[in-house]
file data.cif (mmCIF, C-alpha atoms)
data_coords
#
loop_
_atom_site.label_atom_id
_atom_site.label_comp_id
_atom_site.auth_asym_id
_atom_site.auth_seq_id
_atom_site.Cartn_x
_atom_site.Cartn_y
_atom_site.Cartn_z
CA MET A 49 17.14 -15.31 18.46
CA GLN A 50 15.40 -12.70 20.56
CA GLU A 51 11.67 -12.25 20.44
CA VAL A 52 10.26 -9.65 18.03
CA ILE A 53 8.35 -6.80 19.70
CA CYS A 54 5.01 -6.49 17.87
CA THR A 55 3.13 -3.20 18.02
CA VAL A 56 0.66 -1.12 16.06
CA ASP A 57 0.84 2.65 15.59
CA VAL A 58 -1.92 4.87 14.29
CA VAL A 59 -1.59 8.11 12.32
CA LEU A 60 -4.89 9.89 13.04
CA LEU A 61 -5.20 12.77 10.58
CA THR A 62 -7.64 15.63 10.45
CA LEU A 63 -7.90 19.17 9.11
CA ARG A 64 -7.99 22.00 11.63
CA GLU A 65 -7.87 25.62 10.49
CA GLY A 66 -7.25 24.32 6.97
CA VAL A 67 -4.05 22.54 7.99
CA LEU A 68 -3.48 18.79 7.97
CA GLN A 69 -2.76 17.75 11.55
CA VAL A 70 -1.83 14.50 13.31
CA LEU A 71 -2.89 13.47 16.77
CA LEU A 72 -0.02 12.88 19.20
CA HIS A 73 -0.50 11.17 22.53
CA ARG A 74 1.64 11.63 25.63
CA ARG A 75 3.34 8.32 26.43
CA GLU A 76 2.57 6.98 29.88
CA ARG A 77 5.35 4.37 29.93
CA GLU A 78 8.98 3.93 29.05
CA PRO A 79 10.59 4.17 26.62
CA PHE A 80 10.11 7.92 26.06
CA ALA A 81 7.57 8.29 28.91
CA GLY A 82 6.07 11.79 28.93
CA THR A 83 6.89 12.59 25.29
CA LEU A 84 4.31 13.05 22.55
CA ALA A 85 4.17 10.17 20.07
CA LEU A 86 1.75 8.36 17.79
CA PRO A 87 -0.91 6.46 19.73
CA GLY A 88 0.10 2.81 19.64
CA GLY A 89 0.76 -0.25 21.67
CA TYR A 90 1.51 -3.93 21.79
CA VAL A 91 -0.60 -6.42 19.89
CA HIS A 92 -2.80 -8.21 22.45
CA THR A 93 -2.83 -11.84 21.37
CA ASP A 94 -5.52 -12.67 23.92
CA SER A 95 -8.08 -10.23 22.54
CA ASP A 96 -7.09 -8.68 19.16
CA ARG A 97 -8.48 -10.49 16.12
CA ASP A 98 -5.74 -8.99 13.93
CA THR A 99 -3.56 -5.88 13.79
CA ARG A 100 -6.44 -3.80 12.38
CA ASP A 101 -8.47 -4.74 15.43
CA ALA A 102 -5.50 -3.69 17.61
CA ALA A 103 -5.37 -0.31 15.83
CA LEU A 104 -9.11 0.24 16.39
CA ARG A 105 -8.64 -0.64 20.09
CA VAL A 106 -5.79 1.89 20.38
CA LEU A 107 -7.99 4.61 18.84
CA ARG A 108 -10.88 3.80 21.18
CA ASP A 109 -8.69 3.68 24.30
CA LYS A 110 -6.32 6.57 23.66
CA PRO A 111 -7.97 9.42 21.75
CA GLY A 112 -11.47 7.92 22.19
CA VAL A 113 -12.21 7.73 18.46
CA HIS A 114 -14.68 5.07 17.34
CA SER A 115 -15.09 3.50 13.90
CA PRO A 116 -13.05 5.96 11.79
CA TYR A 117 -12.03 5.47 8.18
CA LEU A 118 -8.93 3.33 8.72
CA GLU A 119 -6.42 1.77 6.33
CA GLN A 120 -3.22 -0.16 6.77
CA LEU A 121 -0.28 2.05 5.81
CA ALA A 122 2.83 -0.15 5.94
CA THR A 123 4.93 -2.11 8.39
CA PHE A 124 8.08 -0.62 9.86
CA SER A 125 10.73 -2.87 11.38
CA GLY A 126 14.32 -3.36 12.49
CA PRO A 127 16.66 -3.66 15.45
CA ALA A 128 17.14 0.07 16.12
CA ARG A 129 13.73 1.75 15.83
CA ASP A 130 12.71 0.79 19.39
CA PRO A 131 15.25 0.75 22.26
CA ARG A 132 13.58 -2.38 23.68
CA GLY A 133 14.85 -4.52 20.79
CA TRP A 134 14.05 -5.84 17.30
CA SER A 135 10.54 -4.59 16.60
CA ILE A 136 7.75 -4.56 14.06
CA SER A 137 5.14 -1.83 13.97
CA VAL A 138 2.15 -2.31 11.71
CA ALA A 139 1.12 1.28 10.99
CA TYR A 140 -2.41 2.39 10.14
CA TYR A 141 -3.79 5.78 9.16
CA ALA A 142 -7.21 7.14 9.99
CA LEU A 143 -9.02 10.19 8.67
CA VAL A 144 -11.69 11.94 10.73
CA PRO A 145 -13.53 15.28 10.85
CA ASP A 146 -11.87 17.51 13.44
CA THR A 147 -15.09 17.62 15.48
CA LEU A 148 -14.27 14.03 16.51
CA VAL A 149 -10.90 14.98 17.99
CA THR A 150 -10.82 16.31 21.54
CA GLU A 151 -7.52 17.83 22.57
CA ALA A 152 -6.36 17.36 26.17
CA ALA A 153 -3.16 17.43 28.20
CA ASP A 154 -2.23 14.02 26.85
CA ALA A 155 -3.67 14.37 23.32
CA VAL A 156 -2.47 17.17 21.06
CA LEU A 157 -2.99 17.95 17.40
CA CYS A 158 0.20 18.90 15.59
CA PRO A 159 0.58 20.17 11.98
CA VAL A 160 2.15 17.35 9.94
CA ASP A 161 4.84 19.70 8.65
CA ASP A 162 5.85 20.78 12.14
CA LEU A 163 6.69 17.55 13.96
CA ARG A 164 9.68 17.86 16.22
CA GLY A 165 11.09 15.48 18.76
CA VAL A 166 8.69 12.60 18.18
CA PRO A 167 10.36 9.36 19.26
CA PHE A 168 11.01 6.07 17.44
CA ASP A 169 10.61 6.42 13.65
CA HIS A 170 7.25 8.15 14.11
CA ALA A 171 8.26 11.17 11.99
CA GLN A 172 8.94 8.77 9.11
CA ILE A 173 5.64 6.96 9.68
CA VAL A 174 3.72 10.27 9.63
CA ALA A 175 5.55 11.39 6.47
CA SER A 176 4.63 8.11 4.81
CA ALA A 177 0.96 8.50 5.82
CA VAL A 178 0.82 12.09 4.54
CA GLN A 179 2.30 11.05 1.20
CA ARG A 180 -0.24 8.22 0.93
CA VAL A 181 -3.17 10.51 1.77
CA ARG A 182 -2.07 13.20 -0.71
CA ASN A 183 -1.58 10.63 -3.43
CA LYS A 184 -4.88 8.83 -2.79
CA SER A 185 -6.81 12.09 -2.46
CA SER A 186 -6.07 12.95 -6.06
CA TYR A 187 -7.63 9.72 -7.31
CA SER A 188 -10.37 8.92 -4.84
CA SER A 189 -13.08 9.83 -2.41
CA LEU A 190 -10.66 9.66 0.57
CA PRO A 191 -11.07 13.34 1.58
CA VAL A 192 -14.80 12.95 2.26
CA HIS A 193 -13.83 11.24 5.52
CA VAL A 194 -12.34 14.48 6.82
CA CYS A 195 -15.56 16.44 6.20
CA GLN A 196 -18.05 16.75 9.03
CA GLU A 197 -21.48 15.84 7.62
CA PRO A 198 -23.55 17.45 6.31
CA PHE A 199 -21.35 19.57 4.06
CA THR A 200 -21.72 21.79 1.00
CA LEU A 201 -19.76 21.14 -2.19
CA PRO A 202 -17.62 24.28 -1.63
CA GLN A 203 -16.74 22.96 1.83
CA LEU A 204 -15.73 19.59 0.37
CA GLN A 205 -13.72 21.27 -2.37
CA ALA A 206 -11.83 23.25 0.30
CA VAL A 207 -10.97 19.95 2.03
CA TYR A 208 -9.65 18.46 -1.22
CA GLU A 209 -7.62 21.60 -1.80
CA ALA A 210 -6.14 21.52 1.70
CA LEU A 211 -5.16 17.85 1.36
CA LEU A 212 -3.74 18.23 -2.16
CA GLY A 213 -2.08 21.57 -1.44
CA GLU A 214 -3.41 23.18 -4.62
CA SER A 215 -6.55 24.97 -5.76
CA LEU A 216 -9.02 23.18 -8.00
CA ASN A 217 -11.32 24.26 -10.78
CA LYS A 218 -14.93 24.27 -9.53
CA VAL A 219 -16.45 22.76 -12.67
CA SER A 220 -13.96 19.91 -13.00
CA PHE A 221 -14.15 19.24 -9.24
CA ARG A 222 -17.94 18.82 -9.48
CA ARG A 223 -17.61 16.59 -12.53
CA LYS A 224 -15.12 14.43 -10.61
CA MET A 225 -17.46 14.17 -7.62
CA ASP A 226 -20.26 13.07 -9.97
CA GLU A 227 -17.94 10.42 -11.39
CA LEU A 228 -16.93 9.15 -7.92
CA ASP A 229 -20.65 8.90 -7.07
CA VAL A 230 -20.23 8.74 -3.29
CA LEU A 231 -22.36 11.74 -2.26
CA GLU A 232 -26.07 12.10 -1.81
CA ALA A 233 -27.93 15.37 -1.50
CA ILE A 234 -29.99 15.51 1.67
CA PRO A 235 -33.51 16.23 0.41
CA GLY A 236 -34.68 19.71 1.33
CA VAL A 237 -31.68 20.51 3.53
CA PHE A 238 -29.69 23.62 2.73
CA SER A 239 -26.94 25.55 4.48
CA SER A 240 -27.91 28.81 6.15
CA GLY A 241 -26.24 31.68 7.92
CA SER A 242 -24.06 32.85 5.08
CA ALA A 243 -24.35 35.95 2.95
CA HIS A 244 -24.79 33.76 -0.13
CA ARG A 245 -27.94 31.96 -1.10
CA PRO A 246 -28.43 28.65 0.74
CA ALA A 247 -26.38 25.74 -0.66
CA GLN A 248 -27.45 22.13 -0.92
CA LEU A 249 -26.09 19.96 1.88
CA TYR A 250 -24.62 16.52 1.17
CA ARG A 251 -23.63 13.39 3.03
CA VAL A 252 -21.66 10.28 2.07
CA LYS A 253 -23.73 7.36 0.76
CA PRO A 254 -23.74 4.56 3.35
CA ALA A 255 -21.90 2.12 1.03
CA TRP A 256 -18.89 4.48 0.88
CA ARG A 257 -18.46 5.24 4.59
CA HIS A 258 -15.65 2.69 4.95
CA ALA A 259 -14.64 2.22 1.33
CA LEU A 260 -12.98 4.32 -1.35
CA SER A 261 -14.34 5.17 -4.77
CA LEU A 262 -11.44 5.49 -7.23
CA SER A 263 -11.27 7.67 -10.32
CA GLU A 264 -9.47 6.93 -13.58
CA ARG A 265 -7.71 10.29 -13.64
CA ALA A 266 -6.34 12.66 -11.08
CA ILE A 267 -8.79 15.25 -9.79
CA MET B 29 -0.12 -13.04 26.44
CA GLN B 30 1.52 -15.47 24.09
CA GLU B 31 4.38 -14.41 21.84
CA VAL B 32 3.53 -13.26 18.30
CA ILE B 33 5.02 -15.42 15.52
CA CYS B 34 6.74 -13.03 13.08
CA THR B 35 7.31 -14.15 9.52
CA VAL B 36 7.71 -12.79 6.02
CA ASP B 37 6.16 -14.28 2.88
CA VAL B 38 7.08 -13.43 -0.69
CA VAL B 39 4.83 -13.49 -3.75
CA LEU B 40 7.31 -13.91 -6.62
CA LEU B 41 5.46 -13.19 -9.87
CA THR B 42 6.49 -13.72 -13.44
CA LEU B 43 4.93 -14.25 -16.87
CA ARG B 44 5.36 -17.65 -18.48
CA GLU B 45 3.57 -18.51 -21.72
CA GLY B 46 1.75 -15.20 -21.42
CA VAL B 47 0.20 -16.17 -18.06
CA LEU B 48 0.89 -14.50 -14.72
CA GLN B 49 2.41 -17.16 -12.45
CA VAL B 50 3.52 -17.30 -8.82
CA LEU B 51 6.40 -19.32 -7.46
CA LEU B 52 5.45 -21.90 -4.84
CA HIS B 53 8.02 -23.65 -2.70
CA ARG B 54 7.66 -27.07 -1.11
CA ARG B 55 7.70 -26.67 2.67
CA GLU B 56 10.45 -28.59 4.43
CA ARG B 57 9.02 -28.24 7.94
CA GLU B 58 5.77 -28.42 9.83
CA PRO B 59 3.19 -27.07 9.71
CA PHE B 60 2.14 -28.27 6.23
CA ALA B 61 5.47 -30.00 5.52
CA GLY B 62 5.62 -31.25 1.92
CA THR B 63 2.93 -28.89 0.59
CA LEU B 64 3.53 -26.08 -1.88
CA ALA B 65 3.32 -22.61 -0.32
CA LEU B 66 4.74 -19.12 -0.70
CA PRO B 67 8.44 -18.96 0.13
CA GLY B 68 8.72 -17.45 3.59
CA GLY B 69 10.12 -17.83 7.03
CA TYR B 70 10.70 -16.39 10.45
CA VAL B 71 12.26 -12.97 10.88
CA HIS B 72 15.88 -13.53 12.02
CA THR B 73 16.50 -10.87 14.65
CA ASP B 74 20.19 -11.75 14.77
CA SER B 75 20.84 -11.00 11.10
CA ASP B 76 17.90 -9.29 9.32
CA ARG B 77 18.10 -5.49 9.21
CA ASP B 78 14.33 -5.27 8.68
CA THR B 79 11.52 -7.33 7.17
CA ARG B 80 12.51 -6.27 3.63
CA ASP B 81 15.96 -7.70 4.31
CA ALA B 82 14.28 -10.90 5.55
CA ALA B 83 12.25 -11.12 2.32
CA LEU B 84 15.40 -10.69 0.20
CA ARG B 85 17.11 -13.43 2.24
CA VAL B 86 14.15 -15.78 1.66
CA LEU B 87 14.33 -15.15 -2.10
CA ARG B 88 18.09 -15.77 -2.17
CA ASP B 89 17.89 -18.95 -0.08
CA LYS B 90 14.73 -20.56 -1.47
CA PRO B 91 14.24 -19.86 -5.18
CA GLY B 92 17.78 -18.43 -5.55
CA VAL B 93 16.60 -15.04 -6.86
CA HIS B 94 18.90 -12.07 -6.23
CA SER B 95 18.02 -8.37 -6.18
CA PRO B 96 14.56 -8.47 -7.81
CA TYR B 97 12.11 -5.60 -7.97
CA LEU B 98 10.52 -5.95 -4.52
CA GLU B 99 7.78 -4.01 -2.72
CA GLN B 100 5.99 -4.44 0.56
CA LEU B 101 2.44 -5.63 -0.10
CA ALA B 102 0.67 -5.64 3.29
CA THR B 103 0.77 -7.36 6.65
CA PHE B 104 -1.55 -10.26 7.41
CA SER B 105 -2.23 -11.25 11.00
CA GLY B 106 -4.45 -13.03 13.48
CA PRO B 107 -4.81 -16.03 15.77
CA ALA B 108 -6.02 -18.53 13.15
CA ARG B 109 -3.91 -18.04 10.01
CA ASP B 110 -1.04 -20.18 11.35
CA PRO B 111 -1.69 -23.30 13.48
CA ARG B 112 1.34 -22.43 15.65
CA GLY B 113 -0.44 -19.43 17.17
CA TRP B 114 -1.10 -15.68 16.83
CA SER B 115 1.02 -14.61 13.87
CA ILE B 116 2.03 -11.68 11.74
CA SER B 117 3.27 -12.13 8.18
CA VAL B 118 4.73 -9.11 6.43
CA ALA B 119 4.09 -9.94 2.77
CA TYR B 120 6.20 -8.68 -0.13
CA TYR B 121 5.79 -9.09 -3.86
CA ALA B 122 8.57 -9.36 -6.42
CA LEU B 123 8.44 -9.21 -10.22
CA VAL B 124 11.07 -10.92 -12.34
CA PRO B 125 11.58 -12.07 -15.95
CA ASP B 126 10.81 -15.78 -16.17
CA THR B 127 14.40 -16.50 -17.25
CA LEU B 128 15.36 -15.86 -13.61
CA VAL B 129 13.05 -18.57 -12.28
CA THR B 130 14.32 -22.15 -12.29
CA GLU B 131 11.66 -24.75 -11.59
CA ALA B 132 12.65 -27.82 -9.56
CA ALA B 133 11.02 -30.51 -7.44
CA ASP B 134 10.67 -28.04 -4.59
CA ALA B 135 9.99 -24.87 -6.64
CA VAL B 136 7.02 -24.75 -9.01
CA LEU B 137 5.40 -21.95 -10.99
CA CYS B 138 1.62 -21.94 -10.74
CA PRO B 139 -0.85 -19.70 -12.66
CA VAL B 140 -2.26 -17.16 -10.19
CA ASP B 141 -5.83 -18.07 -11.19
CA ASP B 142 -5.26 -21.77 -10.52
CA LEU B 143 -4.05 -21.94 -6.92
CA ARG B 144 -5.47 -24.88 -5.03
CA GLY B 145 -4.61 -26.25 -1.65
CA VAL B 146 -2.05 -23.64 -0.65
CA PRO B 147 -1.86 -23.48 3.15
CA PHE B 148 -2.27 -20.60 5.62
CA ASP B 149 -3.90 -17.53 4.02
CA HIS B 150 -1.49 -17.71 1.09
CA ALA B 151 -4.29 -17.75 -1.51
CA GLN B 152 -5.52 -14.44 -0.07
CA ILE B 153 -1.98 -13.01 -0.05
CA VAL B 154 -1.48 -13.97 -3.71
CA ALA B 155 -4.88 -12.49 -4.67
CA SER B 156 -3.93 -9.26 -2.93
CA ALA B 157 -0.57 -9.13 -4.76
CA VAL B 158 -2.19 -9.78 -8.13
CA GLN B 159 -4.71 -7.01 -7.56
CA ARG B 160 -1.90 -4.61 -6.57
CA VAL B 161 0.19 -5.52 -9.63
CA ARG B 162 -2.77 -5.14 -12.03
CA ASN B 163 -3.70 -1.81 -10.52
CA LYS B 164 -0.14 -0.45 -10.47
CA SER B 165 0.57 -1.71 -13.99
CA SER B 166 -2.07 0.59 -15.41
CA TYR B 167 -0.41 3.68 -13.92
CA SER B 168 3.28 2.89 -13.86
CA SER B 169 6.42 1.29 -15.22
CA LEU B 170 5.95 -1.80 -13.00
CA PRO B 171 5.63 -4.30 -15.91
CA VAL B 172 9.13 -3.51 -17.23
CA HIS B 173 10.48 -5.64 -14.38
CA VAL B 174 8.88 -8.74 -15.91
CA CYS B 175 10.60 -8.20 -19.28
CA GLN B 176 13.92 -9.90 -19.90
CA GLU B 177 16.30 -7.25 -21.29
CA PRO B 178 16.82 -6.34 -24.03
CA PHE B 179 13.27 -6.20 -25.35
CA THR B 180 11.38 -4.65 -28.23
CA LEU B 181 8.43 -2.32 -27.70
CA PRO B 182 5.98 -4.96 -29.04
CA GLN B 183 7.37 -7.44 -26.48
CA LEU B 184 6.89 -4.90 -23.68
CA GLN B 185 3.38 -4.09 -24.88
CA ALA B 186 2.53 -7.82 -24.75
CA VAL B 187 3.71 -7.90 -21.12
CA TYR B 188 1.51 -4.92 -20.24
CA GLU B 189 -1.42 -6.59 -21.98
CA ALA B 190 -0.87 -9.87 -20.13
CA LEU B 191 -0.69 -8.13 -16.75
CA LEU B 192 -3.68 -5.87 -17.44
CA GLY B 193 -5.73 -8.58 -19.12
CA GLU B 194 -6.71 -6.35 -22.04
CA SER B 195 -5.28 -5.31 -25.39
CA LEU B 196 -3.81 -1.85 -25.81
CA ASN B 197 -3.63 0.60 -28.67
CA LYS B 198 -0.09 0.68 -30.07
CA VAL B 199 0.09 4.46 -30.53
CA SER B 200 -1.21 5.33 -27.07
CA PHE B 201 1.00 2.64 -25.49
CA ARG B 202 4.08 4.20 -27.08
CA ARG B 203 3.02 7.68 -26.01
CA LYS B 204 2.61 6.40 -22.45
CA MET B 205 6.06 4.80 -22.48
CA ASP B 206 7.52 8.11 -23.67
CA GLU B 207 5.76 9.84 -20.77
CA LEU B 208 7.05 7.32 -18.21
CA ASP B 209 10.58 7.89 -19.60
CA VAL B 210 12.14 4.74 -18.11
CA LEU B 211 13.44 3.10 -21.32
CA GLU B 212 16.57 3.70 -23.32
CA ALA B 213 17.21 2.43 -26.82
CA ILE B 214 20.42 0.39 -26.99
CA PRO B 215 22.41 2.17 -29.71
CA GLY B 216 22.75 0.09 -32.83
CA VAL B 217 21.13 -3.03 -31.34
CA PHE B 218 18.13 -4.51 -33.14
CA SER B 219 16.17 -7.72 -32.85
CA SER B 220 16.75 -10.37 -35.50
CA GLY B 221 15.36 -13.73 -36.50
CA SER B 222 11.79 -12.63 -37.21
CA ALA B 223 10.04 -12.31 -40.53
CA HIS B 224 9.58 -8.59 -39.87
CA ARG B 225 12.24 -5.96 -40.25
CA PRO B 226 14.56 -5.71 -37.23
CA ALA B 227 13.13 -3.77 -34.29
CA GLN B 228 15.01 -1.47 -31.93
CA LEU B 229 15.93 -3.14 -28.64
CA TYR B 230 15.47 -1.35 -25.31
CA ARG B 231 16.55 -1.64 -21.70
CA VAL B 232 15.45 0.04 -18.48
CA LYS B 233 17.40 3.16 -17.52
CA PRO B 234 19.55 2.38 -14.45
CA ALA B 235 17.68 4.91 -12.24
CA TRP B 236 14.43 2.97 -12.73
CA ARG B 237 15.64 -0.58 -12.02
CA HIS B 238 14.34 -0.48 -8.45
CA ALA B 239 11.88 2.40 -8.65
CA LEU B 240 8.56 3.07 -10.34
CA SER B 241 7.72 5.88 -12.72
CA LEU B 242 4.07 6.84 -12.30
CA SER B 243 1.72 8.25 -14.92
CA GLU B 244 -1.12 10.71 -14.41
CA ARG B 245 -3.63 8.60 -16.31
CA ALA B 246 -4.21 4.90 -16.82
CA ILE B 247 -2.40 3.37 -19.77
#
call {"tool": "encode", "arguments": {"input": "data.cif", "output": "structure tokens"}}
result
Amino acid sequence: MQEVICTVDVVLLTLREGVLQVLLHRREREPFAGTLALPGGYVHTDSDRDTRDAALRVLRDKPGVHSPYLEQLATFSGPARDPRGWSISVAYYALVPDTLVTEAADAVLCPVDDLRGVPFDHAQIVASAVQRVRNKSSYSSLPVHVCQEPFTLPQLQAVYEALLGESLNKVSFRRKMDELDVLEAIPGVFSSGSAHRPAQLYRVKPAWRHALSLSERAI
Amino acid sequence: MQEVICTVDVVLLTLREGVLQVLLHRREREPFAGTLALPGGYVHTDSDRDTRDAALRVLRDKPGVHSPYLEQLATFSGPARDPRGWSISVAYYALVPDTLVTEAADAVLCPVDDLRGVPFDHAQIVASAVQRVRNKSSYSSLPVHVCQEPFTLPQLQAVYEALLGESLNKVSFRRKMDELDVLEAIPGVFSSGSAHRPAQLYRVKPAWRHALSLSERAI
């Protein structure tokens, strides 16, 4: 039997201009050298502690993103998904505020609904990540990881609405955020520069920066 | 870099005597030959279409289970989980009625809360599967796959209660099953042999035999 090619791929998601976007990286090597694809690479058995560690390394080395909210998505496999041979890709997804993403010639944000010509099964991996994020957003604190801190509650509500693709009732949204209990008001810090009166600014409680709070019912 | 060892492992779960149990298989080969462990094995690049196909092959060959409800759980990896070297195991979980599980010298059911001495990180894989099943059971039709057809609604409710570890209100359970809409009454077929009056017998609608119906709120 031939050896299995073992890689990780990372779906790095953010909101830019209210649209969910994925970071694509221009491939330096064959196969598909020069095309835009998910950042990924081989598992390094000499240095990676596990596939999560490999995914964090890929994010540090390729788009230069450190310590994002990161979860394992699923593993994709088979003889045909990579022209080099029978392969396994352990896919992860990360959510970050768009201020952490720097676009460049070899790193481009692309709306998740407008992916064309990405190689391998990367379109399927992105679709799977988007479905997971939309589903989890309705039951959890996941969207807070897309918000640049500090943020106001209306800003956070807009992020939830963009991820869920629907508008939310302000009162029930605030009740749900109380229930999730992941935010803390920053004492004495209010937004400024808008025509409205200043709004309280919030940040994520330290315990929830890399964990999800789940709710019993959909938001 | 050394080659990555690529395997699949399957957590086959069932209810026996009202207790959630996992099937352990006696290992024929080193490492850990002779000990009870999750059924698993190398990915066969010459015949497996993907890791799901490998998991189905393992279930056919080892406990002799065909076409169960099967989902990918997660991928476990690292340099230390297998003494042979840096390894990846794509783990799946399956749910079956206990009538499909035949115990033998090399195939033993073990209560999920009473696992001792299983090798590798199999205790962690089982714990992860149990958590997934308990969580999904509260929001979905997952437990129907543990019920031997045909079944009565009280029998199905008992399965939900065993998986969730709590008792349920009969009226709200029946409302939830109506909402999930995965059952069909078998026309003219009723249970017999109990002191109570005969109860309608049900089966899972064909469309839901390998898919999950999800509910908006916990059962």
call {"tool": "resolve_selection", "arguments": {"input": "data.cif", "expression": "the PyMOL selection byres ((chain B) within 8 of (chain A))", "output": "VMD selection string"}}
result
chain B and resid 29 to 32 34 72 to 74 76 to 79 100 102 to 107 114 118 244 to 246
call {"tool": "atom_distance", "arguments": {"input": "data.cif", "atom1": "atom CA of B:Ala65", "atom2": "atom CA of B:Tyr120"}}
result
14.2 Å
call {"tool": "closest_residue", "arguments": {"input": "data.cif", "among": "B:Ala239, B:Asp206, B:Ala186, B:Pro111", "to": "B:Gly46", "atoms": "only C-alpha atoms"}}
result
B:Ala186
call {"tool": "resolve_selection", "arguments": {"input": "data.cif", "expression": "the PyMOL selection byres ((chain A and resi 197) around 9)", "output": "list in words"}}
result
Pro145, Cys195, Gln196, Pro198, Phe199, Thr200, Leu249, Tyr250, Arg251 and Val252 of chain A
call {"tool": "resolve_selection", "arguments": {"input": "data.cif", "expression": "the PyMOL selection byres ((chain B and resi 151) around 12)", "output": "ChimeraX atom specification"}}
result
/B:37,39,50,52,64-66,104,109,138-150,152-158
call {"tool": "closest_residue", "arguments": {"input": "data.cif", "among": "B:Val174, B:Ala122, B:Ala235, B:Leu128", "to": "B:Arg160", "atoms": "all atoms listed in the file"}}
result
B:Ala122
call {"tool": "residues_around", "arguments": {"input": "data.cif", "residues": "B:Ala227", "least_positions_apart": "4", "cutoff": "10 Å", "atoms": "all atoms listed in the file", "output": "count of residues only"}}
result
9
